[in-house]
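Structure record follows, encoded as structure tokens.
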Amino acid sequence: MQQPAPVSEPAPEPALAPAPAPAPIQSAAVASLMDGARADVAAGRLANAAASLERALRIEPRNARLWQELARVRLKQGEYAQAESVAARSNSWAGSDNRLRAENWRLIAQAREARGDAAGARAALEAAERQQ
Amino acid sequence: MSRRRKSWRYVRYALLSVALLAAGFTLYLDFRVRSEFEGRRFALPARIYARPLELHAGLRVSQASILEELRQAGYRTARREGETGWFVREHDGLEIALRPFAFWDGPRPARRIHVAFENGTVTSVRDARGRDLPLVRLEPLPIGGFYPANNEDRVLVRLAEVPKHLVQALLATEDRNFHSHHGVDPRGIARALVSFLRGRGLQGGSTLTQQLVKNFFLTPERTVRRKVTELFMAVLLELHYDKNEILETYLNEIYLGQDRDRAIHGIGLASLHYFGKQVEYLTLAESALLVGMVKGPAWYDPYRHPRRALERRNLVLRQTRSLGYATMEQYSTARAASIGVKPKAPVGTSPHPAFLQLVHRQLRRDYDEADLRSEGLRVFTTLDPRVQRAAERVVERKLAQYDKGKRFGPPGLEAAIVVTDTQTGEVQALIGGRDARYSGFNRALDAARPVGSLLKPVVYLTALAEPSRYTLVTPIDDAPFVWKSRGAPDWQPQNYDKTFHGAVQLRTALAQSYNAATARLGTEIGVERVLSTMKRLGIERELKPYAATLLGAVELSPIEVAQMYQTIASAGFRVPLRAIREVTTQDGRPLRRYPLEVKQALSAGPTYLLTAAMQGVVREGTARSLVKWLPPESAVAGKTGTTDEQRDAWFAGFTGDRLAVVWLGYDDNRAAKLSGAAAALPLWGELMASLHPEPLALPRPEGIENVLIDPQSGLRADWACSDALELPFAQGSAPVERAPCASALGVTVEEVKQEAKSWLERLFGR
């Protein structure tokens, strides 16, 4: 409610506090953990990468990008069901960041594809299209 | 044959038999010594750690709670150059000399850091040269172990790690001729004999080897036979093993005191226990104190008998000096040193036994009991000591208050609490009963109690999944309700206030916890479907599809309730509650990780709508007294629960970062004057308030819109309605009809705002 409000408007009691910004400012701590996770992925240390991302999520649990990175690692680990769920969790924090959502749907599509769910994968790709 | 020759033969036979017997005995002992010493591996307990505190700029934590954590970890409040494990206050924060620690993902070397604070927040973490560090882990607090028989605890050390002066002090005191004797020391025995003849009692005379044999193989009784066996075995041990092997084993075996029910064995654990440091950092004075305790750990206990322990230490120092193992200068420095033991934080086998039971249960799925008690596993858990202590304090304080005020029946009220992280499902604290140190019956895990109204959110969640039939404002009839089913007595739920309220909005029926309305709603949608929602929320117990289930005639443990509410708190994603993060071997090799797992169990929309309704419970319903502890901005979502005849009082709810379930009741199911709101809620409120919760602010999922509603009529409101409420609805499901208070013009707030904006723009030319 940034616009000037009409004088007579009562302040409505919000049912829920205003939703937080979709991507919170990333702290240096989270950034360093993310860097570490990327290095671990590059070196094939996937369990360590996942552990670092979980550490980061304990610091910024609402950071949709962290959830997405975790989904990506789970996909690489061959944990397809988890990859899909974690990408969906990322979507629930994505707010209005449509590009992030689209990327999550693409991850979901890959996970479904890998599990042999072609129809589901197609549906996810369509969902990704709709985000843009 | 002459008589003489005959008797000579008898003597020879007798001698031969004795020799054979002796040889057999020796062989037997030799076998025992070798097989047992060779195959001997010290059983090492699994060691359990709390979560490590992660320090970074922006962390909301007070300096006081970091100080408490450091003290718990045995850090000293004084600068000790060249050592680790201390901290000092600086003008804007703390300087900390961190000890080295082997984390799951690798070792962290010792390092010096500076942490600055402002208004309960960490503003910077820097290294010794002033460079910013993004993230530093404090070492996690040890919170107990799973111990071998007799609760023997030890930390193994290599001889090379043990300071030379410790070994010298030990030899000077216990066994001067260790390096020259063959297991038995005739000179030592002679000395003991002289001392005995002089009337100083039977003492000493045992070599280290004999002492080791005694501890290892023999029972403690004092008989000649046992003494002879001991001598034989000591000699045999020396035949097979070199002095260093014997010395190293001795140093790891020796009993050095008691910490409640935990036995302190070995020099490695003793140096941690008494001085909070690794054995290699022990000074001469500290070494002498430990050596002095060998003779009688209880008699020379430095905590209980500091004067006696100090005199004994100085005697050890004198003997060390007299054998030339210490220079005069070293000797006088050591003698002048204070006793130096760290402030005692008695731990016993664990300070938080209830949480350890949960850890044990989760570990038992993957490990054998024997392995847990002997392999020295290191287990990194999710326990947050700060949250755990806060929960313990709240239970202690509130229950004492309740006992005293006699508000809730006779004394002896019991409690259970589960606190979790809403996003990761990590269990941060667990209370299994009012005595937090008692390790018996764990009510949080094992007390299945009727949950009463705690189950109502499941009914409403099931309803809200059908937005075409039910919204937050759908009228529900709270009139007398009778449920007839074949072979069962009629079911006629009563309301808590013994009155019926007619047509009420769905959100109000939940907020006020109306039984008749909920029963009607639940039977309308079907008990089976409500049970299926419960399953999806994470309840694994088989539940009977009785109508009474709708009002909580279901027995669940607090941790099951926590699992159920966890799924609601994490937006319909089921996150299994976890108490363990990682397990490593004793030398730090990772064995197993327990990763964060999520599974979408319910769609985001209905879960969001339910959360809004549960916020209504706190804002205007049965839990409105929570405002005494937390301001309305916290926007807590929760539900009270009270069972028949007020046997159980529950409150379950969540903020932006934590979920907690509180149960109160009597073990014998006694009817007490307990209600969720009056008895359980105050504990919840006090606990959460002390943890400075994040407000609950959830992003609105796709397909949900907020609409202004007139709270009285449940119809669409606008700017003209003075107390309009913004409520979420599945797109297109909000009421179309306008409330009486709405402006006759029929414009929405958005339209008015838009108009006002363009009017202002025109006016100011912007």
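Here's how to read the names in the structure tokens: chain A, B, ... by the order shown, residue numbers from 1 in each chain, ligand numbers from 1 in the order shown.
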Selection near Cys721 in chain B, 7 Å with only C-alpha atoms, sequence-local residues under 2 positions removed, as a ChimeraX atom specification:
/B:710,717-719,723-724,741-742
Emit the selected residues as a PDB file, in the first residue's frame, including C-alpha atoms.
```pdb
ATOM      1  CA  ASP B 710     -17.260  -7.787   6.769  1.00  0.00           C
ATOM      2  CA  ALA B 717     -16.828  -5.447   2.390  1.00  0.00           C
ATOM      3  CA  ASP B 718     -15.149  -2.308   1.136  1.00  0.00           C
ATOM      4  CA  TRP B 719     -13.622   0.906   2.463  1.00  0.00           C
ATOM      5  CA  ASP B 723     -13.810  -3.226  10.794  1.00  0.00           C
ATOM      6  CA  ALA B 724     -13.359  -5.059   7.513  1.00  0.00           C
ATOM      7  CA  CYS B 741     -21.902  -1.845   5.577  1.00  0.00           C
ATOM      8  CA  ALA B 742     -20.427  -1.629   2.057  1.00  0.00           C
TER       9      ALA B 742
END
```
Near-Gly412 in chain B list (9 Å; only C-alpha atoms; drop same-chain fewer than 2 positions) as number ranges by chain
B: 399, 403, 409-410, 414, 434, 665-667
Residue list for chain B near chain A as a count of residues only, 7 Å, only C-alpha atoms:
27
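All residues of protein, DNA or RNA that reach within 8 Å of range 115-117 of chain A, judged by only C-alpha atoms and not counting those fewer than 4 positions away in the chain, are Tyr80, Ala111 and Ala121 of chain A.
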Selected residues, C-alpha atoms, written as a PDB file, in the first residue's frame, please.
```
ATOM      1  CA  TYR A  80      14.234 -37.779  -8.309  1.00  0.00           C
ATOM      2  CA  ALA A 111      13.022 -35.383 -12.458  1.00  0.00           C
ATOM      3  CA  ALA A 121       7.377 -34.199 -17.605  1.00  0.00           C
TER       4      ALA A 121
END
```
Give me the residues near Leu107 in chain A as a ChimeraX atom specification, where near means some atom within 9 Å (using only C-alpha atoms) and where sequence neighbours in that chain fewer than 5 positions away do not count.
/A:68,71-72,75,83-84,87,102,112,124
Residue contacts of Leu358 in chain B (12 Å, only C-alpha atoms) excluding same-chain residues fewer than 5 positions away, as a PyMOL selection string:
chain B and resi 48+352-353+363-365+381-383+418+426-432+439+442-446+559+577-580
Mind dumping the selected residues with C-alpha atoms as a compact mmCIF listing (two decimals), in the first residue's frame?
```txt
# COMPACT_ATOMS: atom_id res chain seq x y z
CA ILE B 48 26.31 -37.13 20.97
CA HIS B 352 19.04 -33.86 28.28
CA PRO B 353 18.07 -37.54 28.54
CA LEU B 363 19.83 -44.36 15.48
CA ARG B 364 18.53 -47.82 16.33
CA ARG B 365 16.92 -47.96 12.88
CA THR B 381 22.14 -33.85 16.37
CA THR B 382 19.70 -31.00 15.91
CA LEU B 383 19.33 -30.08 19.58
CA VAL B 418 8.35 -30.67 21.36
CA GLU B 426 14.66 -30.46 12.94
CA VAL B 427 13.75 -31.13 16.56
CA GLN B 428 15.35 -28.33 18.56
CA ALA B 429 14.13 -29.30 22.03
CA LEU B 430 12.25 -32.08 23.71
CA ILE B 431 10.79 -32.27 27.21
CA GLY B 432 9.62 -35.70 28.33
CA SER B 439 15.62 -40.45 31.88
CA ASN B 442 9.26 -40.00 27.98
CA ARG B 443 5.85 -38.42 27.56
CA ALA B 444 6.80 -36.52 24.42
CA LEU B 445 7.47 -39.82 22.65
CA ASP B 446 5.45 -42.43 24.48
CA ILE B 559 5.69 -35.83 18.81
CA LEU B 577 10.94 -34.73 12.07
CA ARG B 578 14.65 -35.36 12.51
CA ALA B 579 16.92 -35.34 15.54
CA ILE B 580 20.14 -36.30 13.74
```
Here CA of Ala623 in chain B and CA of Trp650 in chain B stand apart by 11.2 Å
Applying 12 Å and only C-alpha atoms, which residues near Gln258 in chain B remain after dropping the ones on its own chain fewer than 2 positions away? List them as a PyMOL selection string.
chain B and resi 150-154+255-256+260-266+269-270+273-274+293+296-304+346-349
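Nearest to Arg65 in chain A of all the residues A:Ala114, A:Gly36, A:Ala43, A:Glu103 is A:Glu103, counting only C-alpha atoms.
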Using the chain letters and numbers from this document, which residues of range 9-102 of chain A does DSSP assign to alpha helix (DSSP H), as a ChimeraX atom specification?
/A:28-42,46-59,64-76,80-92,98-102
Any chance you could export the current selection's C-alpha atoms as a PDB file, in the first residue's frame?
```
ATOM      1  CA  ALA A  28      27.668 -13.231   3.007  1.00  0.00           C
ATOM      2  CA  ALA A  29      27.284 -16.405   5.075  1.00  0.00           C
ATOM      3  CA  VAL A  30      24.758 -17.873   2.676  1.00  0.00           C
ATOM      4  CA  ALA A  31      26.763 -16.720  -0.333  1.00  0.00           C
ATOM      5  CA  SER A  32      29.868 -18.493   0.968  1.00  0.00           C
ATOM      6  CA  LEU A  33      27.920 -21.689   1.597  1.00  0.00           C
ATOM      7  CA  MET A  34      26.462 -21.495  -1.898  1.00  0.00           C
ATOM      8  CA  ASP A  35      29.943 -21.056  -3.368  1.00  0.00           C
ATOM      9  CA  GLY A  36      31.126 -24.028  -1.358  1.00  0.00           C
ATOM     10  CA  ALA A  37      28.190 -26.096  -2.563  1.00  0.00           C
ATOM     11  CA  ARG A  38      28.946 -25.229  -6.187  1.00  0.00           C
ATOM     12  CA  ALA A  39      32.576 -26.213  -5.732  1.00  0.00           C
ATOM     13  CA  ASP A  40      31.471 -29.482  -4.143  1.00  0.00           C
ATOM     14  CA  VAL A  41      29.127 -30.203  -7.034  1.00  0.00           C
ATOM     15  CA  ALA A  42      31.935 -29.516  -9.504  1.00  0.00           C
ATOM     16  CA  LEU A  46      27.231 -34.179  -3.843  1.00  0.00           C
ATOM     17  CA  ALA A  47      26.510 -35.117  -0.229  1.00  0.00           C
ATOM     18  CA  ASN A  48      28.727 -32.282   0.955  1.00  0.00           C
ATOM     19  CA  ALA A  49      27.012 -29.891  -1.431  1.00  0.00           C
ATOM     20  CA  ALA A  50      23.612 -30.887  -0.081  1.00  0.00           C
ATOM     21  CA  ALA A  51      24.860 -30.503   3.498  1.00  0.00           C
ATOM     22  CA  SER A  52      26.135 -26.975   2.769  1.00  0.00           C
ATOM     23  CA  LEU A  53      22.841 -25.999   1.186  1.00  0.00           C
ATOM     24  CA  GLU A  54      20.966 -27.331   4.187  1.00  0.00           C
ATOM     25  CA  ARG A  55      23.212 -25.229   6.417  1.00  0.00           C
ATOM     26  CA  ALA A  56      22.370 -22.229   4.257  1.00  0.00           C
ATOM     27  CA  LEU A  57      18.657 -23.022   4.472  1.00  0.00           C
ATOM     28  CA  ARG A  58      18.861 -22.988   8.236  1.00  0.00           C
ATOM     29  CA  ILE A  59      20.070 -19.415   7.946  1.00  0.00           C
ATOM     30  CA  ALA A  64      13.775 -19.821  -2.958  1.00  0.00           C
ATOM     31  CA  ARG A  65      17.167 -19.957  -4.725  1.00  0.00           C
ATOM     32  CA  LEU A  66      18.640 -22.148  -2.014  1.00  0.00           C
ATOM     33  CA  TRP A  67      15.748 -24.578  -2.313  1.00  0.00           C
ATOM     34  CA  GLN A  68      16.288 -24.596  -6.055  1.00  0.00           C
ATOM     35  CA  GLU A  69      20.004 -25.340  -5.709  1.00  0.00           C
ATOM     36  CA  LEU A  70      19.140 -28.170  -3.366  1.00  0.00           C
ATOM     37  CA  ALA A  71      16.659 -29.539  -5.909  1.00  0.00           C
ATOM     38  CA  ARG A  72      19.407 -29.452  -8.524  1.00  0.00           C
ATOM     39  CA  VAL A  73      21.792 -31.385  -6.262  1.00  0.00           C
ATOM     40  CA  ARG A  74      19.103 -33.943  -5.443  1.00  0.00           C
ATOM     41  CA  LEU A  75      18.542 -34.408  -9.160  1.00  0.00           C
ATOM     42  CA  LYS A  76      22.261 -35.045  -9.647  1.00  0.00           C
ATOM     43  CA  TYR A  80      14.234 -37.779  -8.309  1.00  0.00           C
ATOM     44  CA  ALA A  81      11.246 -37.720  -5.977  1.00  0.00           C
ATOM     45  CA  GLN A  82      13.144 -35.413  -3.622  1.00  0.00           C
ATOM     46  CA  ALA A  83      14.323 -33.243  -6.522  1.00  0.00           C
ATOM     47  CA  GLU A  84      10.724 -32.734  -7.554  1.00  0.00           C
ATOM     48  CA  SER A  85       9.435 -31.996  -4.055  1.00  0.00           C
ATOM     49  CA  VAL A  86      12.265 -29.622  -3.248  1.00  0.00           C
ATOM     50  CA  ALA A  87      11.755 -27.746  -6.516  1.00  0.00           C
ATOM     51  CA  ALA A  88       8.065 -27.433  -5.627  1.00  0.00           C
ATOM     52  CA  ARG A  89       9.097 -26.101  -2.199  1.00  0.00           C
ATOM     53  CA  SER A  90      11.242 -23.537  -3.992  1.00  0.00           C
ATOM     54  CA  ASN A  91       8.173 -22.511  -5.973  1.00  0.00           C
ATOM     55  CA  SER A  92       6.236 -21.920  -2.798  1.00  0.00           C
ATOM     56  CA  ASN A  98       8.627 -16.067 -12.694  1.00  0.00           C
ATOM     57  CA  ARG A  99      12.026 -16.989 -14.078  1.00  0.00           C
ATOM     58  CA  LEU A 100      12.819 -18.872 -10.915  1.00  0.00           C
ATOM     59  CA  ARG A 101       9.466 -20.640 -11.100  1.00  0.00           C
ATOM     60  CA  ALA A 102      10.034 -21.584 -14.718  1.00  0.00           C
TER      61      ALA A 102
END
```
Find the residues near range 246-252 of chain B: any atom within 7 Å, counting only C-alpha atoms, skip ones fewer than 3 places away on the same chain, and give them as a PyMOL selection string.
chain B and resi 156-159+209+212+241-243+265-267
Output for the residues just chosen: N, CA and C atoms as a PDB file, in the first residue's frame:
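Contents of out20.pdb, freshly written:
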```pdb
ATOM      1  N   LEU B 156      40.336 -42.031  23.802  1.00  0.00           N
ATOM      2  CA  LEU B 156      41.640 -42.688  23.627  1.00  0.00           C
ATOM      3  C   LEU B 156      42.720 -41.684  23.252  1.00  0.00           C
ATOM      4  N   VAL B 157      43.913 -41.899  23.780  1.00  0.00           N
ATOM      5  CA  VAL B 157      45.064 -41.071  23.385  1.00  0.00           C
ATOM      6  C   VAL B 157      46.216 -41.992  23.009  1.00  0.00           C
ATOM      7  N   ARG B 158      47.110 -41.468  22.159  1.00  0.00           N
ATOM      8  CA  ARG B 158      48.336 -42.182  21.823  1.00  0.00           C
ATOM      9  C   ARG B 158      49.413 -41.711  22.793  1.00  0.00           C
ATOM     10  N   LEU B 159      50.360 -42.576  23.062  1.00  0.00           N
ATOM     11  CA  LEU B 159      51.423 -42.211  23.999  1.00  0.00           C
ATOM     12  C   LEU B 159      52.143 -40.956  23.521  1.00  0.00           C
ATOM     13  N   THR B 209      52.319 -52.315  35.540  1.00  0.00           N
ATOM     14  CA  THR B 209      51.894 -53.530  34.847  1.00  0.00           C
ATOM     15  C   THR B 209      50.917 -54.326  35.706  1.00  0.00           C
ATOM     16  N   LEU B 212      47.618 -52.593  35.859  1.00  0.00           N
ATOM     17  CA  LEU B 212      46.884 -52.787  34.614  1.00  0.00           C
ATOM     18  C   LEU B 212      46.237 -54.164  34.582  1.00  0.00           C
ATOM     19  N   TYR B 241      54.766 -57.867  25.463  1.00  0.00           N
ATOM     20  CA  TYR B 241      54.549 -56.507  24.963  1.00  0.00           C
ATOM     21  C   TYR B 241      55.636 -55.582  25.480  1.00  0.00           C
ATOM     22  N   ASP B 242      55.901 -54.539  24.666  1.00  0.00           N
ATOM     23  CA  ASP B 242      56.963 -53.647  25.129  1.00  0.00           C
ATOM     24  C   ASP B 242      56.399 -52.595  26.081  1.00  0.00           C
ATOM     25  N   LYS B 243      57.308 -51.901  26.716  1.00  0.00           N
ATOM     26  CA  LYS B 243      56.931 -50.965  27.782  1.00  0.00           C
ATOM     27  C   LYS B 243      55.957 -49.890  27.289  1.00  0.00           C
ATOM     28  N   HIS B 265      37.345 -42.582  32.593  1.00  0.00           N
ATOM     29  CA  HIS B 265      38.495 -43.467  32.421  1.00  0.00           C
ATOM     30  C   HIS B 265      39.497 -42.835  31.475  1.00  0.00           C
ATOM     31  N   GLY B 266      40.771 -43.071  31.764  1.00  0.00           N
ATOM     32  CA  GLY B 266      41.825 -42.661  30.850  1.00  0.00           C
ATOM     33  C   GLY B 266      42.192 -41.196  30.986  1.00  0.00           C
ATOM     34  N   ILE B 267      43.464 -40.929  30.645  1.00  0.00           N
ATOM     35  CA  ILE B 267      44.003 -39.594  30.804  1.00  0.00           C
ATOM     36  C   ILE B 267      43.402 -38.624  29.772  1.00  0.00           C
TER      37      ILE B 267
END
```
Can you check which residues of range 333-382 of chain B DSSP gives as strand (DSSP E or B) on the backbone and send them as JSON, numbers by chain?
{"B": [375, 378, 379, 380, 381]}
